[in-house]
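Q: So here's model28.cif (mmCIF, C-alpha atoms).
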data_entry
loop_
_atom_site.group_PDB
_atom_site.id
_atom_site.type_symbol
_atom_site.label_atom_id
_atom_site.label_comp_id
_atom_site.auth_asym_id
_atom_site.auth_seq_id
_atom_site.Cartn_x
_atom_site.Cartn_y
_atom_site.Cartn_z
ATOM 1 C CA MET K 785 -73.231 -66.188 17.558
ATOM 2 C CA ASN K 786 -72.376 -64.260 14.377
ATOM 3 C CA SER K 787 -68.946 -63.715 12.799
ATOM 4 C CA ARG K 788 -68.456 -60.326 14.433
ATOM 5 C CA GLU K 789 -69.061 -61.702 17.920
ATOM 6 C CA ARG K 790 -66.695 -64.638 17.306
ATOM 7 C CA ILE K 791 -63.904 -62.312 16.150
ATOM 8 C CA LEU K 792 -64.358 -59.941 19.086
ATOM 9 C CA GLY K 793 -64.421 -62.912 21.450
ATOM 10 C CA ARG K 794 -61.064 -64.096 20.128
ATOM 11 C CA VAL K 795 -59.614 -60.610 20.557
ATOM 12 C CA ARG K 796 -60.840 -60.433 24.164
ATOM 13 C CA ARG K 797 -59.362 -63.825 24.983
ATOM 14 C CA ALA K 798 -56.034 -62.882 23.402
ATOM 15 C CA LEU K 799 -55.904 -59.707 25.501
ATOM 16 C CA ALA K 800 -57.060 -61.308 28.742
ATOM 17 C CA ASP K 801 -53.594 -61.342 30.353
ATOM 18 C CA VAL K 802 -52.497 -57.909 29.056
ATOM 19 C CA PRO K 803 -52.340 -55.330 31.890
ATOM 20 C CA PRO K 804 -54.428 -52.189 31.402
ATOM 21 C CA HIS K 805 -52.626 -49.192 29.963
ATOM 22 C CA ASP K 806 -53.360 -45.671 31.183
ATOM 23 C CA GLY K 807 -51.667 -43.910 28.251
ATOM 24 C CA SER K 808 -48.458 -43.056 30.129
ATOM 25 C CA TYR K 809 -45.013 -44.449 29.365
ATOM 26 C CA GLU K 810 -42.293 -45.251 31.851
ATOM 27 C CA GLU K 811 -39.554 -44.548 29.327
ATOM 28 C CA ALA K 812 -39.454 -42.123 26.454
ATOM 29 C CA VAL K 813 -39.144 -43.621 22.983
ATOM 30 C CA PRO K 814 -35.464 -43.364 21.989
ATOM 31 C CA ARG K 815 -34.955 -40.954 19.097
ATOM 32 C CA ASN K 816 -31.253 -41.262 18.434
ATOM 33 C CA TYR K 817 -31.583 -41.372 14.648
ATOM 34 C CA LEU K 818 -30.250 -38.628 12.379
ATOM 35 C CA ARG K 819 -32.562 -35.627 12.198
ATOM 36 C CA GLU K 820 -31.052 -34.581 8.872
ATOM 37 C CA HIS K 821 -28.332 -35.844 6.547
ATOM 38 C CA GLY K 822 -25.558 -33.286 6.650
ATOM 39 C CA LYS K 823 -25.595 -29.614 7.495
ATOM 40 C CA ARG K 824 -26.888 -27.101 4.960
ATOM 41 C CA THR K 825 -27.616 -23.432 4.871
ATOM 42 C CA LEU K 826 -31.235 -22.403 4.529
ATOM 43 C CA GLN K 827 -30.712 -21.570 0.857
ATOM 44 C CA GLU K 828 -29.079 -24.951 0.244
ATOM 45 C CA THR K 829 -32.071 -26.668 1.854
ATOM 46 C CA VAL K 830 -34.491 -24.791 -0.410
ATOM 47 C CA ASP K 831 -32.342 -25.613 -3.460
ATOM 48 C CA LEU K 832 -32.352 -29.290 -2.468
ATOM 49 C CA LEU K 833 -36.138 -29.211 -2.207
ATOM 50 C CA ALA K 834 -36.406 -27.753 -5.708
ATOM 51 C CA GLU K 835 -33.966 -30.332 -7.068
ATOM 52 C CA ASN K 836 -35.785 -33.307 -5.541
ATOM 53 C CA LEU K 837 -39.221 -32.018 -6.561
ATOM 54 C CA ALA K 838 -37.999 -31.783 -10.145
ATOM 55 C CA ASP K 839 -36.475 -35.259 -9.869
ATOM 56 C CA TYR K 840 -39.963 -36.551 -9.072
ATOM 57 C CA ARG K 841 -41.239 -34.794 -12.233
ATOM 58 C CA ALA K 842 -42.892 -31.911 -10.477
ATOM 59 C CA ILE K 843 -42.579 -28.547 -12.240
ATOM 60 C CA VAL K 844 -40.959 -26.015 -9.924
ATOM 61 C CA HIS K 845 -41.399 -22.242 -10.058
ATOM 62 C CA ARG K 846 -39.976 -19.508 -7.844
ATOM 63 C CA THR K 847 -41.638 -16.164 -7.309
ATOM 64 C CA ASP K 848 -42.477 -13.436 -4.827
ATOM 65 C CA THR K 849 -45.780 -12.199 -3.450
ATOM 66 C CA ALA K 850 -46.190 -9.481 -6.073
ATOM 67 C CA ASP K 851 -45.870 -11.836 -9.046
ATOM 68 C CA LEU K 852 -47.663 -14.838 -7.539
ATOM 69 C CA PRO K 853 -51.167 -14.009 -8.890
ATOM 70 C CA HIS K 854 -49.779 -13.514 -12.403
ATOM 71 C CA LEU K 855 -47.773 -16.741 -12.259
ATOM 72 C CA ILE K 856 -50.826 -18.749 -11.173
ATOM 73 C CA THR K 857 -52.809 -17.135 -14.002
ATOM 74 C CA ARG K 858 -50.148 -18.149 -16.535
ATOM 75 C CA LEU K 859 -50.027 -21.727 -15.251
ATOM 76 C CA LEU K 860 -53.807 -22.110 -15.422
ATOM 77 C CA ALA K 861 -53.883 -20.648 -18.930
ATOM 78 C CA ALA K 862 -51.094 -22.941 -20.106
ATOM 79 C CA HIS K 863 -53.089 -25.927 -18.838
ATOM 80 C CA GLY K 864 -56.226 -24.675 -20.586
ATOM 81 C CA SER K 865 -58.214 -24.560 -17.340
ATOM 82 C CA THR K 866 -61.611 -22.840 -17.434
ATOM 83 C CA GLU K 867 -62.356 -23.779 -13.804
ATOM 84 C CA MET K 868 -60.193 -24.135 -10.720
ATOM 85 C CA LEU K 869 -60.977 -25.815 -7.430
ATOM 86 C CA VAL K 870 -60.017 -23.818 -4.354
ATOM 87 C CA PRO K 871 -60.070 -24.675 -0.623
ATOM 88 C CA PRO K 872 -62.264 -22.550 1.646
ATOM 89 C CA GLU K 873 -59.582 -20.137 2.886
ATOM 90 C CA LEU K 874 -57.064 -19.969 0.083
ATOM 91 C CA PRO K 875 -55.728 -16.384 0.160
ATOM 92 C CA ALA K 876 -57.869 -14.455 -2.319
ATOM 93 C CA SER K 877 -54.848 -12.505 -3.565
ATOM 94 C CA TRP K 878 -53.253 -15.692 -4.926
ATOM 95 C CA THR K 879 -55.901 -16.079 -7.624
ATOM 96 C CA ALA K 880 -56.938 -12.436 -7.960
ATOM 97 C CA ALA K 881 -55.680 -12.199 -11.542
ATOM 98 C CA ALA K 882 -56.940 -15.605 -12.681
ATOM 99 C CA ASP K 883 -59.683 -15.935 -15.300
ATOM 100 C CA PRO K 884 -60.964 -19.478 -14.578
ATOM 101 C CA VAL K 885 -64.176 -19.824 -12.591
ATOM 102 C CA ARG K 886 -63.521 -20.598 -8.929
ATOM 103 C CA ILE K 887 -65.186 -23.772 -7.680
ATOM 104 C CA HIS K 888 -65.205 -23.779 -3.877
ATOM 105 C CA ASP K 889 -64.922 -27.132 -2.147
ATOM 106 C CA ARG K 890 -68.170 -27.845 -0.335
ATOM 107 C CA ALA K 891 -69.666 -31.013 1.098
ATOM 108 C CA GLU K 892 -72.282 -31.166 -1.665
ATOM 109 C CA LEU K 893 -69.640 -31.052 -4.406
ATOM 110 C CA THR K 894 -69.637 -34.564 -5.873
ATOM 111 C CA PRO K 895 -66.538 -36.428 -7.092
ATOM 112 C CA GLN K 896 -68.091 -36.490 -10.568
ATOM 113 C CA ARG K 897 -68.371 -32.692 -10.599
ATOM 114 C CA MET K 898 -64.845 -32.316 -9.224
ATOM 115 C CA ASP K 899 -63.536 -34.587 -11.957
ATOM 116 C CA ARG K 900 -64.668 -32.000 -14.520
ATOM 117 C CA VAL K 901 -62.531 -29.295 -12.871
ATOM 118 C CA ALA K 902 -59.140 -29.165 -14.564
ATOM 119 C CA SER K 903 -57.013 -27.569 -11.835
ATOM 120 C CA VAL K 904 -56.760 -27.138 -8.076
ATOM 121 C CA VAL K 905 -54.743 -24.501 -6.201
ATOM 122 C CA THR K 906 -53.686 -25.162 -2.595
ATOM 123 C CA GLY K 907 -51.202 -24.169 0.045
ATOM 124 C CA CYS K 908 -49.280 -26.765 2.059
ATOM 125 C CA ALA K 909 -48.361 -27.528 5.654
ATOM 126 C CA VAL K 910 -44.686 -28.359 5.178
ATOM 127 C CA ALA K 911 -42.240 -29.311 2.420
ATOM 128 C CA ILE K 912 -39.391 -31.787 2.974
ATOM 129 C CA ALA K 913 -36.162 -31.073 1.104
ATOM 130 C CA GLU K 914 -34.412 -34.441 1.438
ATOM 131 C CA THR K 915 -37.347 -36.367 -0.027
ATOM 132 C CA GLY K 916 -38.935 -33.748 -2.278
ATOM 133 C CA THR K 917 -42.224 -34.234 -0.446
ATOM 134 C CA LEU K 918 -45.151 -31.881 0.142
ATOM 135 C CA VAL K 919 -47.426 -32.511 3.109
ATOM 136 C CA LEU K 920 -50.998 -31.226 3.246
ATOM 137 C CA ASP K 921 -52.871 -31.436 6.546
ATOM 138 C CA GLY K 922 -56.391 -30.321 5.662
ATOM 139 C CA SER K 923 -55.934 -26.763 6.919
ATOM 140 C CA PRO K 924 -58.307 -24.154 5.435
ATOM 141 C CA ASP K 925 -55.814 -23.102 2.739
ATOM 142 C CA GLN K 926 -55.376 -26.752 1.707
ATOM 143 C CA GLY K 927 -58.872 -28.183 1.946
ATOM 144 C CA ARG K 928 -59.956 -31.768 2.221
ATOM 145 C CA ARG K 929 -57.774 -34.576 0.927
ATOM 146 C CA ARG K 930 -60.006 -35.249 -2.065
ATOM 147 C CA ILE K 931 -59.396 -31.903 -3.744
ATOM 148 C CA SER K 932 -55.706 -32.705 -4.265
ATOM 149 C CA LEU K 933 -56.477 -36.184 -5.636
ATOM 150 C CA ILE K 934 -59.224 -35.699 -8.220
ATOM 151 C CA PRO K 935 -58.309 -32.743 -10.516
ATOM 152 C CA ASP K 936 -55.691 -33.498 -13.166
ATOM 153 C CA HIS K 937 -53.545 -30.421 -12.417
ATOM 154 C CA HIS K 938 -52.388 -29.411 -8.930
ATOM 155 C CA ILE K 939 -50.727 -26.075 -8.189
ATOM 156 C CA CYS K 940 -49.254 -26.101 -4.678
ATOM 157 C CA VAL K 941 -47.798 -22.967 -3.098
ATOM 158 C CA VAL K 942 -44.987 -23.425 -0.560
ATOM 159 C CA ARG K 943 -43.924 -20.462 1.559
ATOM 160 C CA VAL K 944 -40.135 -20.231 1.595
ATOM 161 C CA PRO K 945 -38.401 -20.576 3.966
ATOM 162 C CA SER K 946 -41.036 -20.856 6.711
ATOM 163 C CA GLN K 947 -42.637 -24.073 5.403
ATOM 164 C CA VAL K 948 -39.436 -25.836 4.318
ATOM 165 C CA VAL K 949 -37.609 -28.389 6.491
ATOM 166 C CA ALA K 950 -34.655 -30.603 5.710
ATOM 167 C CA SER K 951 -35.934 -34.025 6.758
ATOM 168 C CA VAL K 952 -38.892 -36.231 7.613
ATOM 169 C CA PRO K 953 -38.158 -36.144 11.399
ATOM 170 C CA GLN K 954 -38.218 -32.352 11.303
ATOM 171 C CA ALA K 955 -41.504 -32.429 9.404
ATOM 172 C CA LEU K 956 -43.091 -34.808 11.889
ATOM 173 C CA GLU K 957 -42.250 -32.416 14.711
ATOM 174 C CA ARG K 958 -44.408 -29.780 13.002
ATOM 175 C CA LEU K 959 -47.339 -31.984 12.028
ATOM 176 C CA ASP K 960 -50.364 -32.994 14.063
ATOM 177 C CA PRO K 961 -50.799 -36.781 13.639
ATOM 178 C CA THR K 962 -54.534 -36.490 14.306
ATOM 179 C CA ARG K 963 -55.047 -34.422 11.143
ATOM 180 C CA PRO K 964 -55.666 -35.942 7.680
ATOM 181 C CA LEU K 965 -52.123 -35.853 6.299
ATOM 182 C CA THR K 966 -51.508 -36.216 2.564
ATOM 183 C CA TRP K 967 -47.884 -36.803 1.531
ATOM 184 C CA ILE K 968 -47.123 -35.904 -2.087
ATOM 185 C CA SER K 969 -43.883 -36.731 -3.888
ATOM 186 C CA GLY K 970 -44.395 -35.701 -7.491
ATOM 187 C CA PRO K 971 -47.439 -36.259 -9.695
ATOM 188 C CA SER K 972 -49.458 -39.443 -9.321
ATOM 189 C CA ALA K 973 -47.551 -42.375 -10.788
ATOM 190 C CA THR K 974 -47.506 -46.141 -10.710
ATOM 191 C CA SER K 975 -45.890 -48.921 -12.708
ATOM 192 C CA ASP K 976 -46.685 -52.518 -13.534
ATOM 193 C CA ILE K 977 -44.451 -55.573 -13.209
ATOM 194 C CA GLU K 978 -42.619 -54.538 -16.386
ATOM 195 C CA LEU K 979 -41.952 -51.097 -14.861
ATOM 196 C CA ASP K 980 -44.059 -49.240 -17.427
ATOM 197 C CA ARG K 981 -44.786 -45.920 -15.723
ATOM 198 C CA VAL K 982 -48.349 -44.581 -15.839
ATOM 199 C CA GLU K 983 -49.205 -41.174 -14.439
ATOM 200 C CA GLY K 984 -52.554 -39.932 -13.180
ATOM 201 C CA VAL K 985 -54.061 -43.212 -12.002
ATOM 202 C CA HIS K 986 -54.847 -41.995 -8.484
ATOM 203 C CA GLY K 987 -54.101 -38.289 -8.533
ATOM 204 C CA PRO K 988 -52.998 -35.392 -10.747
ATOM 205 C CA ARG K 989 -50.858 -35.998 -13.810
ATOM 206 C CA THR K 990 -49.280 -32.568 -13.445
ATOM 207 C CA LEU K 991 -47.915 -31.161 -10.191
ATOM 208 C CA GLU K 992 -46.642 -27.576 -10.241
ATOM 209 C CA VAL K 993 -44.956 -26.302 -7.091
ATOM 210 C CA ILE K 994 -44.505 -22.594 -6.500
ATOM 211 C CA LEU K 995 -41.781 -21.680 -4.024
ATOM 212 C CA LEU K 996 -43.051 -18.366 -2.678
ATOM 213 C CA ASP K 997 -40.549 -16.063 -1.003
ATOM 214 C CA ASP K 998 -42.193 -14.911 2.228
#
Reformat the file's structure so that it appears as structure tokens.

A:
Amino acid sequence: MNSRERILGRVRRALADVPPHDGSYEEAVPRNYLREHGKRTLQETVDLLAENLADYRAIVHRTDTADLPHLITRLLAAHGSTEMLVPPELPASWTAAADPVRIHDRAELTPQRMDRVASVVTGCAVAIAETGTLVLDGSPDQGRRRISLIPDHHICVVRVPSQVVASVPQALERLDPTRPLTWISGPSATSDIELDRVEGVHGPRTLEVILLDD
């Protein structure tokens, strides 16, 4: 008997007296926690999102559909990007004015090649005001998780107000838990035991969030 068989045997014995479960529940899970902290207008919720994103050292911009392509072009130029990584169905109009070469995320694109791309432009699934968090769910305008983790500069476009919620519970109601969810609160950062902050260890050093009036 090998190690795998021994471990599985122990699991089976531990579960021997557990009744089978058909996936149904007799009682609903109680959800009597606060769904948001205080009441805000829609504009106040968007302002709180911007404030908390900035608190996490994200750079926040606000624009409309007409100026969005020009803003993205300016941000890429300021970062010195000659290439930008884009998910398969990022709206073409978003980067229509941009000069950098578009690198489309494909299965054959290696991490080493992606690491040479300075910037990535994505949409998002939902943005949470109370925590300053962006959630990506792998939708076609966001791409696979890896494209938001490897390039050094991430530009994320949030449609306002349709993609903004106040709290985590409200976000969870919108999200599909079977999708590959990536939760982003500011640029990548970590610190050692002496609390020396280091950015860019496991993700982009620079996160720019565009709040797009839709």

Q: Can you tell me how far CA of Arg943 in chain K sits from CA of Asp848 in chain K, in Å to one decimal?

A: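 For CA of Arg943 in chain K relative to CA of Asp848 in chain K, the distance reads 9.6 Å.
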
Q: K:Thr857, K:Ser975, K:Thr990, K:Thr915: which is nearest Thr829 in chain K, counting all atoms listed in the file?

A: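 Going through K:Thr857, K:Ser975, K:Thr990, K:Thr915 one by one, the smallest distance to Thr829 in chain K is for K:Thr915.
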
Q: Between K:Glu983, K:Asp998, K:Asp960, K:Glu873, which has the minimum distance to Val919 in chain K (counting only C-alpha atoms)?

A: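 The answer is K:Asp960, which sits nearest to Val919 in chain K.
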
Q: Could you work out how far CA of Leu996 in chain K lies from CA of Val949 in chain K, giving the answer in Å with one decimal?

A: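 About the pair CA of Val949 in chain K and CA of Leu996 in chain K: they are 14.6 Å apart.
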
Q: For this file, the PyMOL selection byres ((chain K and resi 930) around 10) selects which residues, as a compact mmCIF listing (two decimals) with C-alpha atoms, keeping the file's coordinate frame?

A:
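Writing the result to expr.txt gives the following:
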# COMPACT_ATOMS: atom_id res chain seq x y z
CA ASP K 889 -64.92 -27.13 -2.15
CA PRO K 895 -66.54 -36.43 -7.09
CA MET K 898 -64.84 -32.32 -9.22
CA GLY K 922 -56.39 -30.32 5.66
CA GLY K 927 -58.87 -28.18 1.95
CA ARG K 928 -59.96 -31.77 2.22
CA ARG K 929 -57.77 -34.58 0.93
CA ILE K 931 -59.40 -31.90 -3.74
CA SER K 932 -55.71 -32.70 -4.26
CA LEU K 933 -56.48 -36.18 -5.64
CA ILE K 934 -59.22 -35.70 -8.22
CA PRO K 935 -58.31 -32.74 -10.52
CA THR K 966 -51.51 -36.22 2.56
CA GLY K 987 -54.10 -38.29 -8.53

Q: Report the centre and edge lengths, in Å to one decimal, of an axis-aligned box enclosing every atom of range 794-798 of chain K listed in the file, padded by 6 Å on each side, as AutoDock Vina command-line options.

A:
--center_x -58.5 --center_y -62.3 --center_z 22.6 --size_x 17.0 --size_y 15.7 --size_z 16.9

Q: Given all atoms listed in the file as the basis, pick out the residue of K:Glu867, K:Glu789, K:Glu914, K:Asp997 nearest to Gly822 in chain K.

A: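 Ranked by minimum distance to Gly822 in chain K, first place goes to K:Glu914.
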
Q: Please measure the separation of CA of Ala861 in chain K and CA of Thr847 in chain K, giving the value in Å to one decimal.

A: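 Atom-to-atom, CA of Ala861 in chain K to CA of Thr847 in chain K, that is 17.5 Å.
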
Q: Starting from the PyMOL selection byres ((chain K and resi 974) around 12), expand the selection into actual residues of this file and give them as a list of chain:residue names.

A: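 Against this file, the PyMOL selection byres ((chain K and resi 974) around 12) returns the residues K:Gly970, K:Pro971, K:Ser972, K:Ala973, K:Ser975, K:Asp976, K:Ile977, K:Glu978, K:Leu979, K:Asp980, K:Arg981, K:Val982, K:Glu983, K:Gly984, K:Val985, K:His986, K:Gly987, K:Arg989.
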
Q: Rank nothing, just name the residue among K:Ile994, K:Leu869, K:Val952, K:Ser877 nearest to Cys908 in chain K, using all atoms listed in the file.

A: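 Among K:Ile994, K:Leu869, K:Val952, K:Ser877, it is K:Ile994 that comes nearest to Cys908 in chain K.
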
Q: I need the output of the PyMOL selection byres ((chain K and resi 905) around 12) for this file as a PyMOL selection string; which residues are they?

A: chain K and resi 853+856-857+859-860+865+867-876+878-879+882+884+886-889+901-904+906-908+925-927+931-933+935-942+988+991-994

Q: Would you list the residues near (-50.9, -9.3, -7.1), meaning any protein, DNA or RNA residue with an atom at most 8 Å from that point in file coordinates, counting all atoms listed in the file, as a list in words?

A: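 Residues with an atom close enough to that point: Thr849, Ala850, Asp851, Leu852, Pro853, His854, Ser877, Trp878, Ala880 and Ala881 of chain K.
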
Q: I need the residue nearest Pro953 in chain K from this list: K:His845, K:Ala911, K:Thr866, K:Val885. Use all atoms listed in the file for the distance.

A: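 Checking each candidate against Pro953 in chain K, we get K:Ala911 as the closest.
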
Q: For Leu855 in chain K, which residue among K:Pro814, K:Arg890, K:Leu995, K:Glu828 is the nearest when counting only C-alpha atoms?

A: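 Using only C-alpha atoms, the shortest distance to Leu855 in chain K belongs to K:Leu995.
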